[in-house]
Structure formats: structure tokens, C-alpha cells
file final.txt (compact mmCIF, C-alpha atoms)
# COMPACT_ATOMS: atom_id res chain seq x y z
CA MET A 165 100.32 99.91 87.90
CA ILE A 166 99.16 103.54 87.63
CA LEU A 167 101.30 105.90 85.60
CA GLY A 168 101.03 109.53 84.46
CA ARG A 169 102.54 112.97 84.73
CA PRO A 170 102.41 114.90 88.06
CA ASN A 171 99.12 115.97 89.65
CA VAL A 172 96.67 114.03 87.46
CA GLY A 173 95.19 112.12 90.43
CA LYS A 174 97.20 108.89 90.53
CA SER A 175 97.35 108.64 94.33
CA THR A 176 93.65 109.43 94.68
CA LEU A 177 92.83 106.63 92.22
CA PHE A 178 95.24 104.28 94.02
CA ASN A 179 93.60 104.96 97.41
CA VAL A 180 90.12 104.36 95.99
CA ILE A 181 91.13 101.04 94.45
CA VAL A 182 92.87 99.71 97.58
CA GLY A 183 90.08 101.07 99.79
CA SER A 184 92.26 103.03 102.22
CA ARG A 185 94.38 106.15 102.43
CA ARG A 186 97.67 104.41 101.68
CA ALA A 187 99.21 107.18 99.52
CA ILE A 188 99.39 110.88 100.40
CA THR A 189 97.25 113.11 98.19
CA GLY A 190 97.11 116.87 97.73
CA ASN A 191 97.09 119.74 95.28
CA GLU A 192 100.88 120.13 95.22
CA PRO A 193 102.45 118.34 92.22
CA GLY A 194 105.13 115.76 92.93
CA ILE A 195 103.86 114.55 96.30
CA THR A 196 104.38 110.86 95.42
CA ARG A 197 108.00 110.05 94.57
CA ASP A 198 108.69 106.42 95.38
CA ARG A 199 106.50 103.58 94.13
CA ILE A 200 103.78 102.51 96.57
CA HIS A 201 102.31 98.99 96.61
CA GLY A 202 98.82 98.00 97.73
CA GLN A 203 96.53 94.96 97.68
CA ALA A 204 93.10 95.19 96.04
CA GLU A 205 90.18 93.02 94.93
CA HIS A 206 87.59 93.44 92.19
CA HIS A 207 84.78 90.91 91.78
CA GLY A 208 86.78 88.09 93.34
CA ARG A 209 90.02 88.90 91.52
CA ARG A 210 92.87 89.74 93.88
CA PHE A 211 95.75 91.82 92.55
CA GLU A 212 98.56 94.13 93.58
CA ILE A 213 98.46 97.74 92.41
CA ILE A 214 101.39 100.14 92.26
CA ASP A 215 101.22 103.93 92.50
CA THR A 216 104.15 105.76 90.93
CA GLY A 217 105.43 109.31 91.12
CA GLY A 218 104.49 111.82 88.45
CA ILE A 219 106.73 111.13 85.43
CA ILE A 220 108.40 113.76 83.28
CA PRO A 221 110.53 111.83 80.75
CA ASP A 222 114.09 113.06 80.13
CA ASP A 223 114.01 115.56 83.04
CA PRO A 224 117.66 115.88 84.16
CA ASP A 225 116.89 116.93 87.76
CA ILE A 226 117.69 114.26 90.34
CA ILE A 227 114.20 113.79 91.84
CA PRO A 228 112.26 113.50 88.51
CA SER A 229 114.94 111.23 87.06
CA GLU A 230 114.82 108.96 90.13
CA ILE A 231 111.00 108.87 89.94
CA PHE A 232 111.33 107.75 86.33
CA LYS A 233 113.75 105.01 87.42
CA GLN A 234 111.29 103.79 90.06
CA ALA A 235 108.48 103.74 87.48
CA ARG A 236 110.59 101.68 85.07
CA ALA A 237 111.26 99.16 87.85
CA ALA A 238 107.52 98.93 88.55
CA LEU A 239 106.75 98.42 84.86
CA GLU A 240 108.93 95.31 84.79
CA GLN A 241 106.52 93.72 87.30
CA ALA A 242 103.26 95.06 85.83
CA ASP A 243 100.74 92.92 83.92
CA HIS A 244 98.61 95.94 83.00
CA VAL A 245 99.18 99.72 82.96
CA ILE A 246 96.61 102.39 83.80
CA PHE A 247 97.80 105.52 81.99
CA LEU A 248 96.06 108.36 83.86
CA LEU A 249 95.49 111.80 82.36
CA ASP A 250 93.79 115.00 83.47
CA GLY A 251 90.47 115.36 81.61
CA ARG A 252 90.20 119.02 82.57
CA ALA A 253 93.40 119.96 80.76
CA GLU A 254 94.57 119.74 77.17
CA ILE A 255 96.94 116.97 76.14
CA THR A 256 100.45 118.13 77.07
CA ALA A 257 103.85 117.41 75.57
CA ALA A 258 104.63 115.28 78.65
CA ASP A 259 101.48 113.22 78.00
CA ARG A 260 102.55 112.62 74.39
CA ASP A 261 106.09 111.69 75.44
CA LEU A 262 104.74 109.18 77.96
CA ALA A 263 102.37 107.73 75.38
CA ARG A 264 105.21 107.21 72.88
CA TRP A 265 107.33 105.57 75.57
CA LEU A 266 104.51 103.26 76.69
CA ARG A 267 103.84 102.08 73.14
CA THR A 268 107.44 100.82 72.90
CA LEU A 269 107.06 98.59 75.99
CA ASN A 270 104.53 96.11 74.60
CA LYS A 271 102.39 96.19 77.77
CA PRO A 272 98.58 96.30 77.82
CA VAL A 273 97.52 99.90 78.53
CA ALA A 274 94.17 101.29 79.67
CA LEU A 275 93.83 105.03 79.10
CA ALA A 276 91.96 106.52 82.08
CA VAL A 277 90.91 110.15 81.65
CA ASN A 278 90.41 111.48 85.18
CA LYS A 279 88.34 114.34 86.62
CA ILE A 280 85.40 113.58 84.32
CA ASP A 281 82.88 114.27 87.08
CA VAL A 282 79.89 115.44 85.01
CA PRO A 283 78.34 113.83 81.88
CA ALA A 284 79.07 116.94 79.79
CA ARG A 285 82.79 116.31 80.15
CA GLU A 286 82.66 112.76 78.75
CA ALA A 287 82.76 114.04 75.17
CA LEU A 288 86.03 115.86 75.97
CA ALA A 289 87.58 112.60 77.16
CA HIS A 290 87.39 111.07 73.68
CA GLU A 291 89.90 113.63 72.39
CA PHE A 292 92.52 111.56 74.22
CA HIS A 293 92.10 108.73 71.67
CA SER A 294 94.64 110.71 69.64
CA LEU A 295 97.34 109.30 71.93
CA GLY A 296 96.95 105.99 70.12
CA PHE A 297 95.43 103.64 72.73
CA ALA A 298 92.33 101.60 71.97
CA HIS A 299 90.86 101.31 75.46
CA LEU A 300 89.75 104.64 76.96
CA PHE A 301 87.76 105.11 80.18
CA PRO A 302 86.37 108.43 81.45
CA VAL A 303 86.63 108.34 85.28
CA SER A 304 86.52 110.50 88.36
CA ALA A 305 88.70 109.08 91.10
CA GLU A 306 87.45 111.69 93.55
CA HIS A 307 83.79 110.81 92.97
CA HIS A 308 84.40 107.07 92.38
CA SER A 309 82.67 107.15 88.98
CA GLY A 310 83.65 105.14 85.92
CA LEU A 311 85.90 102.85 87.96
CA GLU A 312 83.74 99.75 87.54
CA ASP A 313 84.29 99.63 83.75
CA LEU A 314 87.99 100.46 84.14
CA LEU A 315 88.63 97.67 86.66
CA ASP A 316 86.47 95.17 84.71
CA HIS A 317 88.78 95.71 81.75
CA VAL A 318 92.08 95.77 83.67
CA THR A 319 91.34 92.61 85.69
CA ALA A 320 89.62 90.61 82.93
CA ALA A 321 92.64 88.35 82.42
CA PHE A 322 93.40 87.92 86.15
CA PRO A 323 92.47 84.58 87.77
CA ALA A 324 89.15 84.54 89.64
CA GLY A 325 87.91 82.34 92.44
CA GLU A 326 88.95 82.06 96.04
CA ALA A 327 91.37 84.67 97.26
CA PRO A 328 94.89 83.35 97.69
CA SER A 329 96.06 82.70 101.22
CA GLY A 330 98.59 85.52 100.88
CA PRO A 331 102.05 85.83 102.35
CA SER A 332 102.88 84.55 105.81
CA PRO A 333 102.69 87.00 108.73
CA ALA A 334 105.66 89.34 108.95
CA ILE A 335 107.16 91.61 111.60
CA ARG A 336 106.34 95.16 110.51
CA VAL A 337 109.22 97.56 111.21
CA ALA A 338 109.05 101.35 110.80
CA ILE A 339 112.29 103.14 109.87
CA VAL A 340 112.05 106.62 111.40
CA GLY A 341 114.30 109.61 111.93
CA ARG A 342 115.09 113.17 110.91
CA PRO A 343 115.35 114.06 107.21
CA ASN A 344 118.52 112.89 105.49
CA VAL A 345 119.80 110.54 108.21
CA GLY A 346 119.85 107.62 105.73
CA LYS A 347 116.46 105.91 106.10
CA SER A 348 115.99 105.23 102.40
CA THR A 349 119.60 104.09 102.01
CA LEU A 350 119.05 101.65 104.88
CA LEU A 351 115.88 100.26 103.25
CA ASN A 352 117.75 99.76 99.99
CA THR A 353 120.62 98.02 101.78
CA LEU A 354 118.25 95.75 103.70
CA ALA A 355 116.35 94.93 100.49
CA GLY A 356 119.46 94.56 98.34
CA THR A 357 117.91 96.77 95.66
CA GLU A 358 117.15 100.43 94.93
CA ARG A 359 113.68 100.24 96.44
CA ALA A 360 113.48 103.86 97.62
CA ILE A 361 114.75 107.08 96.07
CA VAL A 362 117.96 108.32 97.68
CA SER A 363 119.27 111.84 97.19
CA PRO A 364 121.23 114.45 99.17
CA ILE A 365 118.06 116.58 99.24
CA ALA A 366 116.49 116.45 102.70
CA GLY A 367 112.83 115.38 102.60
CA THR A 368 113.05 113.29 99.42
CA THR A 369 110.80 110.57 100.87
CA ARG A 370 107.20 111.65 101.44
CA ASP A 371 105.02 108.57 101.21
CA ALA A 372 105.94 105.53 103.27
CA VAL A 373 107.70 102.88 101.16
CA ASP A 374 107.58 99.27 102.32
CA GLU A 375 109.54 96.18 101.35
CA ARG A 376 109.09 92.56 102.41
CA ILE A 377 112.33 90.76 103.29
CA THR A 378 112.95 87.19 104.46
CA ARG A 379 115.96 86.55 106.67
CA ASP A 380 116.86 83.25 108.39
CA GLY A 381 113.31 81.97 107.87
CA ASP A 382 111.66 85.07 109.37
CA ASP A 383 109.63 87.58 107.36
CA TYR A 384 109.90 91.33 107.89
CA VAL A 385 108.16 94.29 106.26
CA PHE A 386 110.37 97.37 106.53
CA VAL A 387 108.60 100.72 106.10
CA ASP A 388 110.71 103.72 105.09
CA THR A 389 108.91 106.80 106.42
CA ALA A 390 109.28 110.47 105.67
CA GLY A 391 111.83 112.44 107.68
CA ILE A 392 110.21 114.01 110.75
CA ARG A 393 110.89 117.72 111.23
CA HIS A 394 110.12 120.19 113.99
CA LYS A 395 106.53 121.40 113.61
CA GLY A 396 107.59 125.00 113.03
CA LYS A 397 109.87 123.99 110.17
CA THR A 398 107.22 122.02 108.28
CA ARG A 399 105.55 124.39 105.82
CA LEU A 400 104.46 122.49 102.71
CA MET A 401 101.19 120.59 102.98
CA ALA A 402 102.89 117.45 101.66
CA GLU A 403 105.53 117.63 104.38
CA LYS A 404 102.92 118.16 107.11
CA LEU A 405 101.00 115.09 105.89
CA SER A 406 104.25 113.12 105.66
CA VAL A 407 105.01 113.72 109.33
CA VAL A 408 101.46 112.73 110.33
CA MET A 409 101.71 109.56 108.24
CA ALA A 410 105.18 108.75 109.65
CA ARG A 411 103.76 108.81 113.18
CA LYS A 412 100.81 106.70 112.02
CA HIS A 413 103.20 104.10 110.58
CA ILE A 414 105.02 103.92 113.93
CA GLU A 415 101.71 103.07 115.59
CA MET A 416 100.94 100.47 112.90
CA ALA A 417 104.38 98.86 113.23
CA GLU A 418 105.47 96.16 115.67
CA ALA A 419 108.99 97.58 116.05
CA ALA A 420 110.88 100.74 115.10
CA LEU A 421 114.38 101.51 113.88
CA VAL A 422 115.21 105.02 115.10
CA LEU A 423 118.01 106.38 112.90
CA LEU A 424 120.51 109.00 114.03
CA ASP A 425 123.37 110.65 112.13
CA ALA A 426 126.69 109.84 113.79
CA ALA A 427 128.40 112.71 111.96
CA GLU A 428 125.97 115.22 113.49
CA GLY A 429 125.70 113.67 116.94
CA VAL A 430 122.56 113.39 119.06
CA VAL A 431 120.21 116.36 118.66
CA ALA A 432 116.98 117.28 120.44
CA LEU A 433 114.78 116.15 117.53
CA ASP A 434 116.30 112.64 117.73
CA ALA A 435 114.97 112.36 121.30
CA THR A 436 111.55 113.63 120.19
CA ILE A 437 111.30 111.02 117.43
CA ALA A 438 112.49 108.25 119.75
CA GLY A 439 109.76 109.41 122.12
CA TYR A 440 107.13 108.75 119.43
CA ALA A 441 108.14 105.08 119.36
CA HIS A 442 108.16 104.90 123.16
CA GLU A 443 104.74 106.56 123.47
CA ALA A 444 103.33 104.11 120.91
CA GLY A 445 104.64 101.22 123.02
CA ARG A 446 106.83 99.84 120.22
CA PRO A 447 110.16 98.08 120.73
CA ALA A 448 112.89 100.31 119.31
CA VAL A 449 116.46 99.88 118.11
CA LEU A 450 118.58 103.05 118.25
CA CYS A 451 120.57 102.96 115.00
CA VAL A 452 123.63 105.18 114.86
CA ASN A 453 124.03 105.52 111.09
CA LYS A 454 126.99 106.92 109.11
CA TRP A 455 129.35 105.58 111.79
CA ASP A 456 132.08 105.43 109.15
CA ALA A 457 131.82 109.25 108.87
CA ALA A 458 131.76 110.00 112.62
CA PRO A 459 134.41 112.59 113.59
CA VAL A 460 135.40 110.54 116.66
CA ARG A 461 134.59 106.85 116.63
CA ASP A 462 134.27 106.07 120.31
CA LYS A 463 131.25 103.79 120.64
CA ALA A 464 131.17 103.83 124.44
CA ALA A 465 131.23 107.64 124.60
CA PHE A 466 128.58 108.02 121.88
CA ALA A 467 126.32 105.42 123.51
CA ALA A 468 126.66 107.16 126.88
CA GLU A 469 125.68 110.52 125.34
CA LEU A 470 122.77 108.88 123.53
CA ARG A 471 121.54 107.17 126.71
CA SER A 472 121.66 110.46 128.60
CA ARG A 473 119.52 112.18 125.94
CA VAL A 474 116.92 109.38 125.65
CA LYS A 475 116.77 108.03 129.19
CA PHE A 476 113.23 106.77 128.63
CA LEU A 477 114.60 104.27 126.06
CA ASP A 478 117.07 102.65 128.42
CA TYR A 479 115.69 99.26 127.31
CA ALA A 480 116.44 99.85 123.61
CA PRO A 481 119.59 98.30 122.10
CA VAL A 482 122.06 100.57 120.28
CA ALA A 483 123.45 99.51 116.88
CA PHE A 484 126.34 101.26 115.12
CA LEU A 485 126.19 100.90 111.34
CA SER A 486 126.70 102.38 107.91
CA ALA A 487 123.71 102.00 105.63
CA ARG A 488 125.85 103.18 102.70
CA THR A 489 128.49 100.45 103.02
CA GLY A 490 126.28 97.85 104.73
CA ALA A 491 128.58 97.60 107.77
CA GLY A 492 126.63 96.57 110.87
CA VAL A 493 123.29 96.29 109.05
CA ALA A 494 122.96 92.50 109.38
CA GLN A 495 122.78 92.73 113.19
CA LEU A 496 119.45 94.57 112.96
CA PHE A 497 117.49 91.43 112.09
CA GLY A 498 118.46 89.69 115.34
CA LEU A 499 117.87 92.81 117.45
CA ILE A 500 114.42 93.32 115.93
CA ARG A 501 113.48 89.67 116.35
CA ARG A 502 114.52 89.55 120.03
CA SER A 503 112.73 92.81 120.86
CA TRP A 504 109.60 91.67 118.99
CA GLU A 505 109.54 88.35 120.85
CA ALA A 506 109.99 90.16 124.18
CA ALA A 507 107.09 92.51 123.39
CA GLY A 508 104.79 89.50 122.85
CA ARG A 509 105.94 87.50 125.89
CA ARG A 510 103.27 86.56 128.43
CA VAL A 511 103.96 85.43 132.01
CA THR A 512 101.41 83.55 134.13
CA THR A 513 100.01 85.13 137.27
CA GLY A 514 101.49 82.29 139.32
CA GLU A 515 104.99 82.92 138.02
CA LEU A 516 104.64 86.66 138.58
CA ASN A 517 103.54 86.28 142.18
CA ARG A 518 106.29 83.79 143.02
CA PHE A 519 108.67 86.36 141.56
CA LEU A 520 106.99 89.12 143.60
CA LYS A 521 107.96 87.35 146.86
CA THR A 522 111.66 87.75 145.96
CA LEU A 523 111.44 91.56 145.76
CA GLU A 524 112.07 94.05 148.53
CA PHE A 525 109.84 97.14 148.70
CA ASP A 526 109.63 99.96 151.23
CA ARG A 527 108.21 98.88 154.59
CA ASP A 528 105.21 101.17 154.28
CA LEU A 529 104.23 99.67 150.89
CA LYS A 530 102.33 96.42 150.77
CA VAL A 531 102.14 94.85 147.29
CA LYS A 532 99.34 92.27 147.28
CA TYR A 533 99.82 90.66 143.88
CA ILE A 534 100.65 91.32 140.25
CA THR A 535 99.15 90.10 136.98
CA GLN A 536 99.86 90.66 133.29
CA ALA A 537 97.05 92.45 131.47
CA GLY A 538 98.31 92.35 127.87
CA VAL A 539 101.14 92.23 125.36
CA ARG A 540 102.63 94.48 122.64
CA PRO A 541 103.58 96.21 124.82
CA PRO A 542 103.60 93.97 127.93
CA ARG A 543 101.25 95.53 130.49
CA PHE A 544 101.13 94.67 134.18
CA VAL A 545 98.69 95.54 136.96
CA VAL A 546 100.04 95.76 140.52
CA PHE A 547 97.56 95.63 143.42
CA THR A 548 98.67 97.43 146.59
CA ASP A 549 97.17 98.55 149.91
CA GLY A 550 97.87 102.18 149.03
CA ARG A 551 95.70 104.76 147.33
CA GLY A 552 98.07 106.24 144.78
CA PRO A 553 100.42 104.97 142.07
CA LEU A 554 103.80 103.47 142.81
CA HIS A 555 106.57 105.97 143.43
CA PHE A 556 108.68 106.51 140.31
CA SER A 557 111.73 104.82 141.85
CA THR A 558 109.66 101.83 143.00
CA GLU A 559 108.07 101.42 139.57
CA ARG A 560 111.48 101.63 137.92
CA TYR A 561 112.84 98.99 140.31
CA LEU A 562 109.91 96.68 139.50
CA VAL A 563 110.24 97.19 135.73
CA ASN A 564 113.98 96.50 135.80
CA ARG A 565 113.50 93.29 137.80
CA LEU A 566 110.68 92.14 135.48
CA ARG A 567 112.90 92.80 132.48
CA GLU A 568 115.79 90.81 133.94
CA ARG A 569 113.78 87.88 135.29
CA PHE A 570 111.48 87.28 132.32
CA HIS A 571 113.74 88.41 129.46
CA PHE A 572 111.84 91.51 128.36
CA ALA A 573 115.00 93.11 127.01
CA GLY A 574 114.25 95.53 124.18
CA ALA A 575 110.54 95.93 124.94
CA PRO A 576 108.79 98.79 126.76
CA LEU A 577 106.89 97.69 129.88
CA ILE A 578 103.81 99.42 131.31
CA VAL A 579 102.88 99.10 134.99
CA LYS A 580 99.53 100.27 136.37
CA THR A 581 98.66 100.39 140.08
CA ARG A 582 95.35 99.39 141.58
CA HIS A 583 94.35 99.43 145.26
CA ARG A 584 92.16 96.93 147.06
CA GLY A 585 88.57 97.05 145.83
CA GLN A 586 89.44 99.01 142.67
CA PRO A 587 88.61 97.19 139.41
CA ALA A 588 91.55 96.19 137.19

call {"tool": "encode", "arguments": {"input": "final.txt", "output": "C-alpha cells"}}
result
Amino acid sequence: MILGRPNVGKSTLFNVIVGSRRAITGNEPGITRDRIHGQAEHHGRRFEIIDTGGIIPDDPDIIPSEIFKQARAALEQADHVIFLLDGRAEITAADRDLARWLRTLNKPVALAVNKIDVPAREALAHEFHSLGFAHLFPVSAEHHSGLEDLLDHVTAAFPAGEAPSGPSPAIRVAIVGRPNVGKSTLLNTLAGTERAIVSPIAGTTRDAVDERITRDGDDYVFVDTAGIRHKGKTRLMAEKLSVVMARKHIEMAEAALVLLDAAEGVVALDATIAGYAHEAGRPAVLCVNKWDAAPVRDKAAFAAELRSRVKFLDYAPVAFLSARTGAGVAQLFGLIRRSWEAAGRRVTTGELNRFLKTLEFDRDLKVKYITQAGVRPPRFVVFTDGRGPLHFSTERYLVNRLRERFHFAGAPLIVKTRHRGQPA
């Protein structure tokens, strides 16, 4: 795992080691808060690496103290610690406090002095030996220098040879919603542990935090994303990147849990966020969280209001739950599984065209045949004798009948029209 005080370059180093932009980076201190896991390989040695938030020991504020708690949890799993420091700055009191704490843990520690991007700075790096660690490595995460020696040392005791087969495939589920609707609480409840930092401060989560969970023989990876705000209300660079990454994680997921706050009701931004999942073609479950705190607990009335605000998600199931107490959370696994299966369902052209003969269209519309072009989401091509697309009402009729006949409940369906002689 990588550990250090804020803004020394931990996330940049993490991204370089895993070979992708998994963690958000920037000049603002405190961007990373939760612990982020990634898979990496160095000379045939596969290992997991953990990025942690910037640690300030004994800080009483809620966010720094929760970051410290997350780092302690990561340390319990770690076989080796990379203690990262800023080579352009003098050793700080926070650095010394962290060094004293690390020495009490009896874990192997590699001292990596970052931002040593020119040879003249290497001599400055050796001043950090005063922190009491034998193995020191001058590096520049930004310029990818010095990392070979660092990783040679850190992975020396790791098993080499063929890469392990890895975990079985899992359904990847993005948890999305406005800030402070309970996304991190839901992840913790699903995982049965304090996997993500939870606080009453809106926008606590910035990086996406994922957790693998097995339920009834099925594997899921739940991704807690940053709260999505209106564009005009997103000012900090870290928050802007968080929103971009949240939308990216929706596109990378195979299903989405769209969280709403029952105590606040359905707001315009809820519909916008639900629209992101719909536009990405991902099955969605509309999760009405904090139902135990709703001012009026009338499920039928709330569901009707929700359906009227997100008409484009008429196929998405609605789940009422309380992430805080766990009430209603267990039902999510079944809803996700059914929607995921529907999104991957394929129907033969023969079945589709036998089904087509049972439908009634307008007299002036001649539908020649229909075929399925793809899955996730299910995509269909309808060939007609007309020149334009199907009328909205006709397309809706066809989608509804497809959903009923072939059990596509919970999945978005896409229908494209082609006329005779036009390529599919």
C-alpha cells in the first residue's frame, strides 16, 4: 500500500503502477479520501496495490480522522508499505509522526522520496534517512523515474511465475446519485464493513470506491461514486473530476443503482442522473433511500411521482430501502441479477419474426422483419417499407411487447429502423 501525508503524489504513483488513471489526481490536497484498490504486475509478479488518503495523525476533524481509519484498515492487509514523501519540501512534523507510527507496526517499509525529477535533487533525498528507514528510493511518479528499483525491492518476496487466474467474473454495479443521498452508507451495508467514508458532509466521496461481494453464488463489484452535482454548482477541480469519473464508471458498469433521498422527494437532478444511466444503456434500479425518514410513507404515491419524473426509465424497478438500518437492501441483489440477465438476453431472428406476426401496426405501415443486432443493451433492427423511423407511439408499442414476450424487464431496449435496400 502507498501511504503519506496529503499532496505528496500518492495517487499519481498509484496510477503509474497500475497503468491507468484509476485514482483522481490534482494540485488540491485531500483529493483521495477512501482507499482505492488496483491490480498491478512487475516482472511477472502480480500484486494488489492500495492508494490511501493523505494522513494527518491525531487530526480531530471528521474527514482526516476517517481517512486515518481507512488507512489503518488497509495496513492490516498490506505485505509491504511504500511511505511516500515530497522531495521538494523539508521533512514536516506530519512526516515524522507518520514515521514513528509506522515503526510501531512491524511492517516492511520502503521510503520513496517523490518529485526527484533531476539528478541534482537526488542528494537532497538522502536527508530523509533521518526518519529511520533503511530502504530509500528517490523517484518521480510524474516522470516515471526511479520506479524500477522501488518495485524490484517491494515485490522481491512476492511469488513469481504465471499470473494467477484471478477472481471469477462479476457483475459490476455503479452506485450513483446526488451528494449525501447515502451511497457510501449503502456500499458499507452491502459489504458488511466500513468500506467507504461516511459523513454528514456532502461530497465526502471523490474517488470511486469498489468492493467485491458474493451473494447466493453470484459475484458483484459495487462501485461507490462521487455525488453528482449540477454543473454550475461544481467549483473545485476535484469535484469536477469526480463528476466526470462518476459518469465514466456508469459507462464501465453493467448495471446502476440510482439513489434518491426519500426525505427530500424527487428533484430535477435525480432525473438528470437517472438519464445518465439510461443514455449509457445500463439496466437501472431506482433506489428510494432513507425510507424510514420519509415524511409520508406512501409507496404507491411516491412511486407514481417518481415514474412521472423519470418516464424514460419506465422499465426500471423501484426499491424502497434504508441503507442506514439495512431494511430493504437484500432485495437489490435479485433486482440487479434479473436486470443484468435481461440486458444480455438474445432472441433468434426466427423467434422474433414469429412474434412479429402477432402484432398489429397501422395499416399504412408494413414491417418486413426484425432481427436482434446486439446485447447490453439489447438492440433490434426493424425493416419496413417506409423511409423514416417508426413513429414514437409505434416504437413504444413494439418495445413494450418485446419486453413482455421475451422477459426484458429491467433492461433498456434500443430499436433502429431500416427501409428496404438500406444496410443494417

call {"tool": "closest_residue", "arguments": {"input": "final.txt", "among": "A:Arg252, A:Val318, A:Glu286, A:Arg260", "to": "A:Ile166", "atoms": "all atoms listed in the file"}}
result
A:Val318

call {"tool": "closest_residue", "arguments": {"input": "final.txt", "among": "A:Gly514, A:Phe386, A:Arg565, A:His583", "to": "A:Val531", "atoms": "all atoms listed in the file"}}
result
A:His583

call {"tool": "residues_around", "arguments": {"input": "final.txt", "residues": "A:Ala242", "least_positions_apart": "4", "cutoff": "12 Å", "atoms": "only C-alpha atoms", "output": "count of residues only"}}
result
21

call {"tool": "residues_around", "arguments": {"input": "final.txt", "residues": "A:Pro542", "least_positions_apart": "3", "cutoff": "6 Å", "atoms": "all atoms listed in the file", "output": "number ranges by chain"}}
result
A: 507, 538-539, 577

call {"tool": "atom_distance", "arguments": {"input": "final.txt", "atom1": "atom CA of A:Arg267", "atom2": "atom CA of A:His307"}}
result
29.5 Å

call {"tool": "atom_distance", "arguments": {"input": "final.txt", "atom1": "atom CA of A:Leu275", "atom2": "atom CA of A:Val373"}}
result
26.1 Å

call {"tool": "closest_residue", "arguments": {"input": "final.txt", "among": "A:Ala320, A:Leu354, A:Leu177, A:Met416", "to": "A:Asn278", "atoms": "all atoms listed in the file"}}
result
A:Leu177

call {"tool": "atom_distance", "arguments": {"input": "final.txt", "atom1": "atom CA of A:Thr357", "atom2": "atom CA of A:Ile377"}}
result
11.2 Å

call {"tool": "residues_around", "arguments": {"input": "final.txt", "residues": "A:Val546", "least_positions_apart": "6", "cutoff": "7 Å", "atoms": "all atoms listed in the file", "output": "mmCIF file with C-alpha atoms, in the frame of the given file"}}
result
data_model
loop_
_atom_site.group_PDB
_atom_site.id
_atom_site.type_symbol
_atom_site.label_atom_id
_atom_site.label_comp_id
_atom_site.auth_asym_id
_atom_site.auth_seq_id
_atom_site.Cartn_x
_atom_site.Cartn_y
_atom_site.Cartn_z
ATOM 1 C CA TYR A 533 99.820 90.660 143.880
ATOM 2 C CA ILE A 534 100.650 91.320 140.250
ATOM 3 C CA THR A 535 99.150 90.100 136.980
ATOM 4 C CA LYS A 580 99.530 100.270 136.370
ATOM 5 C CA THR A 581 98.660 100.390 140.080
ATOM 6 C CA ARG A 582 95.350 99.390 141.580
#

call {"tool": "closest_residue", "arguments": {"input": "final.txt", "among": "A:Val180, A:Val172, A:Leu315, A:Ala444", "to": "A:Gly251", "atoms": "only C-alpha atoms"}}
result
A:Val172

call {"tool": "residues_around", "arguments": {"input": "final.txt", "residues": "A:Gly490", "least_positions_apart": "6", "cutoff": "12 Å", "atoms": "only C-alpha atoms", "output": "VMD selection string"}}
result
chain A and resid 346 349 to 356 453 to 456 484 496

call {"tool": "residues_around", "arguments": {"input": "final.txt", "residues": "A:Val277", "least_positions_apart": "3", "cutoff": "8 Å", "atoms": "all atoms listed in the file", "output": "JSON, numbers by chain"}}
result
{"A": [248, 249, 250, 251, 280, 289, 292, 300, 301, 302, 303]}
